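These notes are about the structure you will find just below.
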Amino acid sequence: MSGKKAKIELEGKTYELPTFEGSEGEKAVDISSLRNQSGYITYDNGYGNTGSTKSSITFLDGEKGILRYRGYNIDELCEKASFLEVAYLLINKALPTKTQLDAFEKNIKEHTMINEDYKHYFDVWPRSAHPMGILASAISGLAAFYDDCLNPNDQKQAHIATIRLLAKMPTFAAYAYKKSMGQPFIYPKNKLGYCGNFLNMMYSCPTDEYKVDPDMERALNQLLIIHADHEQNCSTSAVKVIGSSQANLFAAVAGGINALWGPLHGGANQAVLEMLEEIHVNGGDVTKYVARAKDKNDSFKLMGFGHRVYKNFDPRATIIKRSCDIILNKMGIHDPLLDIAKKLEEIALKDSYFIEKKLYPNVDFYSGIIYKAMGFPVNMFTVLFSLGRLPGWIAQWKEMIEDPESKIARPRQIYTGEKQRNIVPIMER
């Protein structure tokens with residue numbers, strides 16, 4: 001606590017509330033005693049101004065376009081670290097030594113295969129099933145297969161649950177894709193790296209040898225890192241709310257996957273491609289759609305521009321744009337949707353309307369483009385987001401479980417319904 005007091009006056013009485021400050025200068029008023037003192041609660045629809053926790057994992061400054069994991073800038077992590085190094089950092093609070101990373105990777109590789117009975121689980125889903133639905137169900141089902149690691153308060157059990165999740169999630173994700181394609185499942189190859197193994201399970205077939213492209217692997221590594229954590233967002237909050245009940249980690253992560261599935265959260269990059277498709281089908285006139293986006297009386301919105309948190313350029317977008325350019329140039333792709341995306345980007349970065357409103361292309365805009373260029377179908381975009389966000393979910397869950405002040409999530413409400421009334425007999429209604 002800072003020693004400073006905030007004062008609030010209600011019904012002629014003044015109440016003093018303690019304040020405190022985070023390590024990066026964020027200031028907060030502690031209202032935890034307000035209801036007991038005054039009978040009042042605060043109202044904050046969507047929790048946009050409510051701090052639900054103290055955390056040492058991720059810092060972001062939307063005004064300045066800063067994103068750091070455990071104090072490390074996102075651009076430096078993308079340049080110098082592997083995804084599993086970042087996962088280790090988020091979960092264990094420090095970057096690993098070479099010995100620690102080798103042991104961490106070895107442990108994960110020993111758990112990449114899934115129980116053969118799970119193949120029957122995939123059999124029941126139609127080919128049209130969305131991979132996110134399959135992934136969430138498969139992750140939830142781990143609790144039935146591994147009842148030796150369900151106690152969140154047992155550090156050894158929490159550790160093995162963490163390793164199993166990191167190891168098996170890419171396998172589940174690739175299997176969900178193979179199911180939609182009607183192709184046989186590809187077993188993990190532990191001689192490959194984390195990202196290379198996933199690409200192999202996605203694109204390899206028994207009839208052809210698949211060679212992992214190093215630029216594709218590097219781009220996927222960066223994509224997973226930039227999505228690894230993003231503070232107390234919707235899906236992370238869902239994981240923590242579920243976990244606050246002492247539910248097992250598998251159940252909590254399955255809830256996070258379902259929250260991420262929403263079009264206002266992880267589904268945003270899918271919405272970008274759907275928008276590009278709409279523009280293409282209707283003639284490809286980008287200028288026309290930019291004009292529509294500016295028209296207050298038109299419901300059309302340009303997806304992938306601006307961000308709820310970042311009021312400056314999304315730092316993740318800057319990083320992934322570089323990878324996007326490399327992949328597009330290397331593959332020589334001539335896709336009308338990608339051409340439209342480039343035109344939109346060019347206009348938005350020069351148009352005074354977008355500049356004044358700070359509607360810069362965000363990470364969803366570029367990630368959708370690069371995923372498409374890499375051959376991922378649109379319904380896999382959110383699955384890839386889930387793969388990246390998994391370490392952040394685990395780290396945030398672990399931080400909450402280990403916090404002695406943690407308690408079950410239970411928001412208050414302002415009731416606006418009917419007052420007490422009597423039941424009228426059914427024949428008299």
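Residue numbers start at 1 in each chain; chains themselves are named A, B, ... in the order of the structure tokens; ligands are numbered from 1 in the order shown.
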
Task: Residues flagged helix (DSSP H, G or I) by DSSP in segment 251-408 of chain A, as a PyMOL selection string - done: chain A and resi 251-260+268-281+286-294+315-331+336-350+352-356+363-373+378-402

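Using only C-alpha atoms, the contacts of Leu34 of chain A at a cut-off of 12 Å, with sequence neighbours closer than 3 positions omitted, comprise Ala6, Lys7, Ile8, Glu9, Leu10, Thr14, Tyr15, Glu16, Leu17, Pro18, Val29, Asp30, Ile31, Gln37, Ser38, Gly39, Tyr40, Ile41 and Thr42 of chain A.
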
- [ ] List the neighbours of Ala409 of chain A out to 9 Å using only C-alpha atoms; skip same-chain residues closer than 2 positions along the sequence, and give me the result as a PyMOL selection string.
- [x] chain A and resi 240-242+244-245+406-407+411

Save out the residues we just selected, C-alpha atoms, as a compact mmCIF listing (two decimals), in the first residue's frame.
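Once written, result12.txt looks like this:
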# COMPACT_ATOMS: atom_id res chain seq x y z
CA LYS A 240 -8.96 -18.16 -13.48
CA VAL A 241 -12.65 -17.99 -12.59
CA ILE A 242 -12.98 -21.73 -13.19
CA SER A 244 -10.74 -20.33 -8.42
CA SER A 245 -13.26 -23.05 -7.57
CA SER A 406 -6.76 -16.02 -3.63
CA LYS A 407 -10.46 -16.71 -3.21
CA PRO A 411 -18.74 -10.81 -8.64

Quick one: residues within 8 Å of Tyr187 of chain A, only C-alpha atoms, excluding same-chain residues fewer than 5 positions away - as an mmCIF file with N, CA, C and O atoms, in the first residue's frame?
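And here's result20.cif as it stands now:
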data_model
loop_
_atom_site.group_PDB
_atom_site.id
_atom_site.type_symbol
_atom_site.label_atom_id
_atom_site.label_comp_id
_atom_site.auth_asym_id
_atom_site.auth_seq_id
_atom_site.Cartn_x
_atom_site.Cartn_y
_atom_site.Cartn_z
ATOM 1 N N MET A 113 2.502 -38.079 -27.307
ATOM 2 C CA MET A 113 1.506 -39.038 -27.794
ATOM 3 C C MET A 113 0.268 -39.000 -26.902
ATOM 4 O O MET A 113 0.334 -38.640 -25.729
ATOM 5 N N THR A 171 -0.875 -32.055 -30.506
ATOM 6 C CA THR A 171 -1.341 -33.319 -31.079
ATOM 7 C C THR A 171 -2.851 -33.286 -31.278
ATOM 8 O O THR A 171 -3.360 -33.654 -32.344
ATOM 9 N N MET A 201 2.698 -32.833 -38.081
ATOM 10 C CA MET A 201 1.430 -33.532 -37.793
ATOM 11 C C MET A 201 0.276 -32.941 -38.600
ATOM 12 O O MET A 201 -0.679 -33.633 -38.934
#

Open item on the list: Please report the interatomic distance between atom CA of Ile327 of chain A and atom CA of Ala341 of chain A in Å with one decimal.
Closed with: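 Answer for the atom CA of Ile327 of chain A to atom CA of Ala341 of chain A separation: 14.8 Å.
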
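When the distance limit is 6 Å and only C-alpha atoms are what count, the residues near segment 378-388 of chain A, minus those fewer than 4 positions from it on the same chain, are Met132, Leu224, His227, Ala228, Gly266, Gly267 and Gln270 of chain A.
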
Written selection (C-alpha atoms) as a compact mmCIF listing (two decimals), in the first residue's frame:
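Now in selection26.txt:
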# COMPACT_ATOMS: atom_id res chain seq x y z
CA MET A 132 -12.18 -25.52 -31.45
CA LEU A 224 2.89 -18.52 -30.68
CA HIS A 227 -0.02 -14.79 -28.30
CA ALA A 228 1.47 -16.46 -25.20
CA GLY A 266 -9.73 -15.22 -30.52
CA GLY A 267 -12.05 -15.36 -33.50
CA GLN A 270 -11.04 -15.34 -38.68

TODO: Pick out the closest residue to Thr318 of chain A from this set: A:Asn269, A:Thr287, A:Ser33, A:Gln222. Count only C-alpha atoms.
DONE: A:Gln222
